[in-house]
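Q: Sharing start-v6.cif (mmCIF, C-alpha atoms and all ligand atoms) below.
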```cif
data_data
#
loop_
_atom_site.label_atom_id
_atom_site.label_comp_id
_atom_site.auth_asym_id
_atom_site.auth_seq_id
_atom_site.Cartn_x
_atom_site.Cartn_y
_atom_site.Cartn_z
CA MET H 1 30.66 38.29 22.06
CA LYS H 2 30.40 36.92 25.59
CA LYS H 3 27.77 34.29 26.17
CA ASN H 4 25.95 34.95 29.42
CA TYR H 5 23.22 32.34 29.17
CA LEU H 6 23.10 28.58 29.70
CA ILE H 7 22.16 25.81 27.27
CA ASP H 8 20.63 22.49 28.25
CA THR H 9 22.05 20.28 25.50
CA HIS H 10 20.15 17.11 26.38
CA SER H 11 16.68 17.42 27.82
CA HIS H 12 13.71 15.14 27.22
CA ILE H 13 11.20 17.91 27.87
CA ASN H 14 8.60 15.80 26.07
CA MET H 15 8.84 13.27 28.92
CA ILE H 16 8.37 15.63 31.87
CA GLU H 17 5.07 14.75 33.52
CA SER H 18 4.72 17.16 36.44
CA LEU H 19 4.85 20.34 34.31
CA ASP H 20 3.54 21.25 30.89
CA VAL H 21 5.97 22.42 28.22
CA GLU H 22 5.04 26.10 28.63
CA GLN H 23 5.92 25.95 32.33
CA VAL H 24 9.13 24.06 31.63
CA LEU H 25 10.22 26.74 29.15
CA GLU H 26 9.23 29.59 31.43
CA ASN H 27 11.19 28.12 34.36
CA ALA H 28 14.15 27.69 32.04
CA LYS H 29 13.99 31.30 30.91
CA ASN H 30 13.73 32.52 34.51
CA ASN H 31 16.91 30.61 35.27
CA ASN H 32 18.93 31.96 32.36
CA VAL H 33 18.61 28.84 30.21
CA GLU H 34 18.15 30.25 26.71
CA LYS H 35 18.34 27.15 24.54
CA ILE H 36 17.27 23.55 24.94
CA ILE H 37 17.96 20.50 22.78
CA ILE H 38 15.58 17.54 22.90
CA PRO H 39 17.15 14.18 22.08
CA GLY H 40 15.27 11.46 20.28
CA ALA H 41 15.09 8.09 21.98
CA SER H 42 12.49 6.19 19.99
CA ALA H 43 10.72 6.77 16.68
CA GLN H 44 7.61 7.77 18.64
CA ASP H 45 9.48 10.88 19.76
CA PHE H 46 10.18 12.18 16.28
CA ASP H 47 6.87 13.86 15.52
CA VAL H 48 6.65 15.42 18.98
CA ILE H 49 10.16 16.80 18.60
CA MET H 50 9.33 18.27 15.19
CA GLN H 51 6.22 19.94 16.62
CA LEU H 52 8.12 21.43 19.56
CA ILE H 53 10.97 22.82 17.45
CA GLU H 54 8.49 24.37 15.04
CA LYS H 55 6.55 25.97 17.86
CA TYR H 56 9.35 27.30 20.09
CA ASP H 57 12.26 29.37 18.77
CA ASN H 58 14.70 28.33 21.46
CA VAL H 59 14.02 24.60 21.29
CA TYR H 60 16.12 22.36 19.03
CA GLY H 61 16.01 18.63 18.37
CA MET H 62 18.01 15.51 17.70
CA LEU H 63 16.79 12.35 16.04
CA GLY H 64 18.00 8.89 16.90
CA ILE H 65 17.14 5.46 18.22
CA HIS H 66 18.35 4.74 21.76
CA PRO H 67 20.25 1.44 22.12
CA SER H 68 17.56 0.02 24.42
CA GLU H 69 15.12 0.55 21.52
CA ALA H 70 17.32 -1.21 18.97
CA LYS H 71 14.74 -3.95 18.39
CA SER H 72 12.29 -1.35 17.08
CA TRP H 73 14.67 -0.36 14.28
CA ASN H 74 13.54 -0.60 10.68
CA ASP H 75 15.28 0.73 7.61
CA GLU H 76 12.45 3.12 6.78
CA LEU H 77 13.64 5.19 9.73
CA ILE H 78 16.68 6.22 7.72
CA GLU H 79 14.49 7.98 5.16
CA LYS H 80 12.37 9.52 7.89
CA ILE H 81 15.40 10.91 9.70
CA LYS H 82 16.84 12.25 6.44
CA LYS H 83 13.58 13.99 5.65
CA TYR H 84 13.14 15.52 9.10
CA ALA H 85 16.81 16.50 9.29
CA GLN H 86 16.25 18.96 6.43
CA ASN H 87 14.87 21.21 9.16
CA SER H 88 17.87 23.25 10.35
CA LYS H 89 16.69 22.97 13.96
CA ILE H 90 17.54 19.28 13.91
CA VAL H 91 21.06 19.69 15.20
CA ALA H 92 22.35 16.15 15.88
CA ILE H 93 21.79 12.44 15.62
CA GLY H 94 21.08 11.13 19.10
CA GLU H 95 20.83 9.67 21.47
CA ILE H 96 22.57 6.66 19.99
CA GLY H 97 25.11 4.21 21.35
CA LEU H 98 25.29 1.14 23.56
CA ASP H 99 23.63 0.22 26.84
CA TYR H 100 24.81 -2.97 28.54
CA TYR H 101 23.22 -2.06 31.86
CA TRP H 102 19.61 -3.04 31.31
CA ASP H 103 19.75 -5.94 28.91
CA LYS H 104 22.79 -7.62 27.43
CA SER H 105 20.83 -10.06 25.28
CA PHE H 106 20.99 -8.03 22.06
CA ASN H 107 24.40 -6.35 22.16
CA ASP H 108 25.13 -7.28 18.56
CA LEU H 109 21.91 -5.67 17.35
CA GLN H 110 22.69 -2.55 19.42
CA LYS H 111 26.07 -2.33 17.72
CA GLU H 112 24.58 -2.71 14.26
CA ILE H 113 21.98 0.02 14.83
CA PHE H 114 24.60 2.28 16.39
CA ILE H 115 26.88 1.90 13.36
CA ARG H 116 24.07 2.62 10.91
CA GLN H 117 23.23 5.82 12.72
CA ILE H 118 26.88 6.92 12.87
CA LYS H 119 27.05 6.54 9.10
CA LEU H 120 23.82 8.50 8.77
CA ALA H 121 25.20 11.32 10.94
CA ASN H 122 28.31 11.46 8.76
CA GLU H 123 26.18 11.59 5.63
CA LEU H 124 23.98 14.35 7.04
CA ASN H 125 26.98 16.23 8.42
CA LEU H 126 25.48 16.28 11.92
CA PRO H 127 27.15 15.75 15.30
CA ILE H 128 26.46 12.59 17.30
CA ASP H 129 25.10 12.53 20.85
CA ILE H 130 26.23 9.31 22.52
CA HIS H 131 24.48 7.19 25.12
CA ASP H 132 27.08 4.88 26.68
CA ARG H 133 26.09 2.91 29.73
CA GLU H 134 28.56 0.30 30.95
CA ALA H 135 29.81 -0.04 27.39
CA HIS H 136 32.77 2.35 27.31
CA LYS H 137 35.20 0.20 25.35
CA ASP H 138 32.82 -0.97 22.64
CA THR H 139 31.33 2.51 22.25
CA PHE H 140 34.75 4.09 21.86
CA ASP H 141 36.05 1.40 19.49
CA ILE H 142 33.00 1.66 17.23
CA LEU H 143 33.25 5.45 17.10
CA GLN H 144 36.94 5.25 16.24
CA GLU H 145 36.30 2.75 13.48
CA TYR H 146 33.12 4.10 11.88
CA ASN H 147 32.84 7.81 12.59
CA LYS H 148 34.67 9.72 9.91
CA THR H 149 33.50 13.31 10.14
CA SER H 150 30.93 13.99 12.88
CA LYS H 151 31.63 15.81 16.11
CA VAL H 152 30.97 13.56 19.11
CA VAL H 153 29.40 14.32 22.49
CA MET H 154 29.58 11.70 25.23
CA HIS H 155 26.20 12.46 26.79
CA CYS H 156 25.94 11.88 30.56
CA PHE H 157 29.60 10.94 30.68
CA SER H 158 30.08 8.22 33.28
CA GLY H 159 33.61 6.95 32.78
CA SER H 160 36.88 7.34 34.67
CA VAL H 161 39.35 10.21 34.38
CA GLU H 162 41.46 7.92 32.22
CA PHE H 163 38.58 7.26 29.81
CA ALA H 164 37.68 10.97 29.78
CA LYS H 165 41.23 11.78 28.74
CA GLU H 166 41.05 9.18 25.99
CA CYS H 167 37.82 10.77 24.75
CA ILE H 168 39.13 14.31 24.61
CA LYS H 169 42.29 13.10 22.92
CA ALA H 170 39.97 11.78 20.22
CA GLY H 171 38.35 15.24 20.09
CA TYR H 172 35.11 14.20 21.79
CA TYR H 173 33.15 16.47 24.12
CA LEU H 174 31.72 15.43 27.47
CA GLY H 175 28.11 16.15 28.41
CA ILE H 176 28.02 16.80 32.15
CA GLY H 177 24.75 16.69 34.07
CA GLY H 178 23.20 16.43 37.52
CA VAL H 179 25.27 13.45 38.66
CA VAL H 180 28.22 15.76 39.27
CA THR H 181 26.25 17.45 42.07
CA PHE H 182 25.72 14.19 43.98
CA LYS H 183 27.72 14.00 47.16
CA ASN H 184 29.00 10.49 46.45
CA ALA H 185 29.87 11.12 42.78
CA LYS H 186 33.60 11.16 43.44
CA LYS H 187 34.57 9.87 40.00
CA MET H 188 32.50 12.49 38.16
CA LYS H 189 33.93 15.29 40.26
CA GLU H 190 37.45 14.07 39.45
CA VAL H 191 36.60 14.00 35.74
CA VAL H 192 35.36 17.60 35.83
CA GLU H 193 38.48 18.71 37.69
CA ALA H 194 40.76 16.96 35.21
CA ILE H 195 39.13 17.88 31.89
CA PRO H 196 39.48 21.37 30.37
CA LEU H 197 36.27 23.39 30.18
CA GLU H 198 36.79 23.57 26.41
CA TYR H 199 35.61 19.94 26.21
CA ILE H 200 32.57 20.24 28.45
CA ILE H 201 28.94 21.03 27.67
CA LEU H 202 26.02 21.13 30.10
CA GLU H 203 22.87 19.04 30.16
CA THR H 204 20.16 17.83 32.49
CA ASP H 205 18.86 14.63 30.85
CA ALA H 206 15.50 15.79 32.27
CA PRO H 207 13.27 14.28 33.57
CA TYR H 208 16.02 12.00 34.92
CA LEU H 209 19.14 12.54 37.04
CA THR H 210 17.84 15.54 38.96
CA PRO H 211 20.69 17.49 40.60
CA THR H 212 21.04 18.31 44.26
CA PRO H 213 19.08 20.00 45.89
CA TYR H 214 16.05 18.66 43.99
CA ARG H 215 16.85 14.93 43.97
CA GLY H 216 13.70 12.88 44.23
CA THR H 217 11.66 15.20 42.00
CA GLU H 218 11.52 15.40 38.21
CA ASN H 219 14.40 17.14 36.53
CA GLN H 220 13.90 20.13 34.18
CA PRO H 221 16.13 22.42 32.07
CA ALA H 222 16.09 25.21 34.70
CA TYR H 223 18.18 22.95 36.94
CA VAL H 224 21.14 23.00 34.58
CA LYS H 225 22.33 25.98 36.63
CA TYR H 226 23.14 23.63 39.53
CA VAL H 227 25.40 21.68 37.21
CA ALA H 228 27.12 24.89 36.12
CA GLU H 229 27.55 26.00 39.74
CA GLU H 230 29.07 22.67 40.76
CA ILE H 231 31.54 22.78 37.87
CA ALA H 232 32.52 26.34 38.81
CA ALA H 233 33.12 25.23 42.42
CA LEU H 234 35.12 22.14 41.43
CA LYS H 235 37.33 24.07 39.03
CA ASN H 236 37.52 27.10 41.31
CA ILE H 237 36.45 29.46 38.53
CA SER H 238 33.54 31.85 38.15
CA LEU H 239 30.06 30.78 37.13
CA ASP H 240 30.34 33.34 34.31
CA LYS H 241 33.36 31.55 32.92
CA VAL H 242 31.59 28.16 33.01
CA THR H 243 28.57 29.70 31.32
CA GLU H 244 30.57 31.46 28.63
CA VAL H 245 32.77 28.53 27.65
CA THR H 246 30.21 25.71 27.80
CA THR H 247 27.65 27.77 25.88
CA SER H 248 30.21 28.63 23.19
CA ASN H 249 31.13 24.94 22.97
CA ALA H 250 27.50 23.90 22.56
CA GLU H 251 26.76 26.57 19.94
CA CYS H 252 29.82 25.55 17.98
CA ILE H 253 29.14 21.79 18.13
CA PHE H 254 25.43 22.00 17.32
CA LYS H 255 25.62 25.18 15.16
CA LEU H 256 22.81 26.79 17.16
NI NI V 301 18.77 11.04 27.54
#
```
Would you put the structure from the file into structure tokens?
Ligand code: NI

A:
Amino acid sequence: MKKNYLIDTHSHINMIESLDVEQVLENAKNNNVEKIIIPGASAQDFDVIMQLIEKYDNVYGMLGIHPSEAKSWNDELIEKIKKYAQNSKIVAIGEIGLDYYWDKSFNDLQKEIFIRQIKLANELNLPIDIHDREAHKDTFDILQEYNKTSKVVMHCFSGSVEFAKECIKAGYYLGIGGVVTFKNAKKMKEVVEAIPLEYIILETDAPYLTPTPYRGTENQPAYVKYVAEEIAALKNISLDKVTEVTTSNAECIFKL
């Protein structure tokens, strides 16, 4: 069956301030975005995510501790994640990974917490949604060493064409968001041109990284269509094709 709707696979709708959730979801629906996945960043997000996925049919969640929050880790979180992940609308562990952009003072702790969560994802048989900021090599090496069974999405992919090719060779998927619409995002545009659509899924990372033409305002799931349109233009294919393939990819990865 052809998929004619979009999915925003990484959207912090719990962090959008200028709209309430009802409005966010209505705007999404009016722009053909049928499903939304909320990533976890800190433990404070978990209960909000559980409430939202219970309340709204088309909203799914991930649970994970963002690398910038690594210092807040405690081992009780493992049990909490295991318990919450019994809900079938928890579809991944994320966003987890490494971030050397903001603060390099606790890289070793970031790595440790990343590895624990990879093992947890493997145990729970869930895919992993990766946050990698200026840490491409370490992120990749850790995934290669520790991830045994989980599907991997490189959320907000920000590497070179060469790194993108290395990732898809390893079977990883690339999450592509608003950055690709930026005029000066030459590297991202090259990545999208070079990588087969079969390895791409769409996301907004709302409320951040708002695509053109709405830069400067808060991002929201409805704007994932601008990402899809840019990919269609770069690859010189129809918007329908981008929609169909990226939505099938996302439904397959996250078992939506
Ligand atoms: Ni995010």

Q: Quick one: of H:Ser150, H:Tyr172, H:Val24, H:Lys2, who's nearest to Tyr223 (chain H), counting all atoms listed in the file?

A: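 Closest residue, counting all atoms listed in the file: H:Val24.
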
Q: Return as a list in words every polymer residue, whether protein, DNA or RNA, with at least one atom no more than 9 Å from an atom of ligand NI 301 (chain V); count all atoms listed in the file.

A: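 Checking all atoms listed in the file against ligand NI 301 (chain V) at 9 Å gives His10, Ser11, His12, Ile38, Pro39, Gly40, Ala41, His66, Gly94, Glu95, His131, His155, Cys156, Thr204, Asp205, Ala206, Pro207 and Tyr208 of chain H.
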
Q: If you count all atoms listed in the file, which residues fall within 9 Å of Leu98 (chain H), apart from same-chain ones fewer than 6 positions away, as number ranges by chain?

A: H: 66-68, 107, 110-111, 114, 130-136, 138-139

Q: Using C-alpha atoms, can you export the residues from the last selection as a PDB file, keeping the file's coordinate frame?

A:
```pdb
ATOM      1  CA  HIS H  66      18.350   4.740  21.760  1.00  0.00           C
ATOM      2  CA  PRO H  67      20.250   1.440  22.120  1.00  0.00           C
ATOM      3  CA  SER H  68      17.560   0.020  24.420  1.00  0.00           C
ATOM      4  CA  ASN H 107      24.400  -6.350  22.160  1.00  0.00           C
ATOM      5  CA  GLN H 110      22.690  -2.550  19.420  1.00  0.00           C
ATOM      6  CA  LYS H 111      26.070  -2.330  17.720  1.00  0.00           C
ATOM      7  CA  PHE H 114      24.600   2.280  16.390  1.00  0.00           C
ATOM      8  CA  ILE H 130      26.230   9.310  22.520  1.00  0.00           C
ATOM      9  CA  HIS H 131      24.480   7.190  25.120  1.00  0.00           C
ATOM     10  CA  ASP H 132      27.080   4.880  26.680  1.00  0.00           C
ATOM     11  CA  ARG H 133      26.090   2.910  29.730  1.00  0.00           C
ATOM     12  CA  GLU H 134      28.560   0.300  30.950  1.00  0.00           C
ATOM     13  CA  ALA H 135      29.810  -0.040  27.390  1.00  0.00           C
ATOM     14  CA  HIS H 136      32.770   2.350  27.310  1.00  0.00           C
ATOM     15  CA  ASP H 138      32.820  -0.970  22.640  1.00  0.00           C
ATOM     16  CA  THR H 139      31.330   2.510  22.250  1.00  0.00           C
TER      17      THR H 139
END
```

Q: Counting only C-alpha atoms, what is within 10 Å of region 70-77 of chain H, bar same-chain residues fewer than 5 positions away, as a PDB file with C-alpha atoms, in the frame of the given file?

A:
```
ATOM      1  CA  SER H  42      12.490   6.190  19.990  1.00  0.00           C
ATOM      2  CA  ALA H  43      10.720   6.770  16.680  1.00  0.00           C
ATOM      3  CA  GLY H  64      18.000   8.890  16.900  1.00  0.00           C
ATOM      4  CA  ILE H  65      17.140   5.460  18.220  1.00  0.00           C
ATOM      5  CA  LYS H  82      16.840  12.250   6.440  1.00  0.00           C
ATOM      6  CA  LYS H  83      13.580  13.990   5.650  1.00  0.00           C
ATOM      7  CA  ILE H  96      22.570   6.660  19.990  1.00  0.00           C
ATOM      8  CA  GLY H  97      25.110   4.210  21.350  1.00  0.00           C
ATOM      9  CA  LEU H  98      25.290   1.140  23.560  1.00  0.00           C
ATOM     10  CA  PHE H 106      20.990  -8.030  22.060  1.00  0.00           C
ATOM     11  CA  ASN H 107      24.400  -6.350  22.160  1.00  0.00           C
ATOM     12  CA  ASP H 108      25.130  -7.280  18.560  1.00  0.00           C
ATOM     13  CA  LEU H 109      21.910  -5.670  17.350  1.00  0.00           C
ATOM     14  CA  GLN H 110      22.690  -2.550  19.420  1.00  0.00           C
ATOM     15  CA  LYS H 111      26.070  -2.330  17.720  1.00  0.00           C
ATOM     16  CA  GLU H 112      24.580  -2.710  14.260  1.00  0.00           C
ATOM     17  CA  ILE H 113      21.980   0.020  14.830  1.00  0.00           C
ATOM     18  CA  PHE H 114      24.600   2.280  16.390  1.00  0.00           C
ATOM     19  CA  ARG H 116      24.070   2.620  10.910  1.00  0.00           C
TER      20      ARG H 116
END
```

Q: If you count only C-alpha atoms, which residues fall within 10 Å of Ile176 (chain H), apart from same-chain ones fewer than 2 positions away, as a PyMOL selection string?

A: chain H and resi 9-10+154-158+173-174+178-180+188+191-192+200-205+224+227-228+231

Q: Show which residues sit within 8 Å of Leu197 (chain H), as a list of chain:residue names. Count only C-alpha atoms, and ignore same-chain residues fewer than 3 positions away.

A: H:Ile200, H:Val242, H:Val245, H:Thr246

Q: Quick check, in Å to one decimal: how far apart do CA of Glu17 (chain H) and CA of Thr181 (chain H) lie?

A: 23.0 Å

Q: What's the separation between CA of Tyr226 (chain H) and CA of Lys187 (chain H), in Å to one decimal place?

A: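 Here the two named atoms are 17.9 Å from each other.
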
Q: Hey, which of H:Gln220, H:Thr243, H:Asn249, H:Ser88 ends up closest to Leu25 (chain H)? Count all atoms listed in the file.

A: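 The shortest atom-to-atom distance to Leu25 (chain H) comes from H:Gln220.
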
Q: Where does region 66-90 of chain H meet region 52-56 of chain H within 10 Å, residue by residue, with the nearest atom pair and distance in Å to one decimal for each, counting only C-alpha atoms, listed by chain and rising number, as CSV?

A:
```
residue,atom,partner,partner_atom,distance
H:Asn87,CA,H:Glu54,CA,9.2
H:Ser88,CA,H:Ile53,CA,9.9
H:Lys89,CA,H:Ile53,CA,6.7
H:Ile90,CA,H:Ile53,CA,8.3
```

Q: To one decimal place, how far is CA of Phe46 (chain H) from CA of Ile142 (chain H) in Å?

A: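 Computing it gives 25.1 Å between the two atoms.
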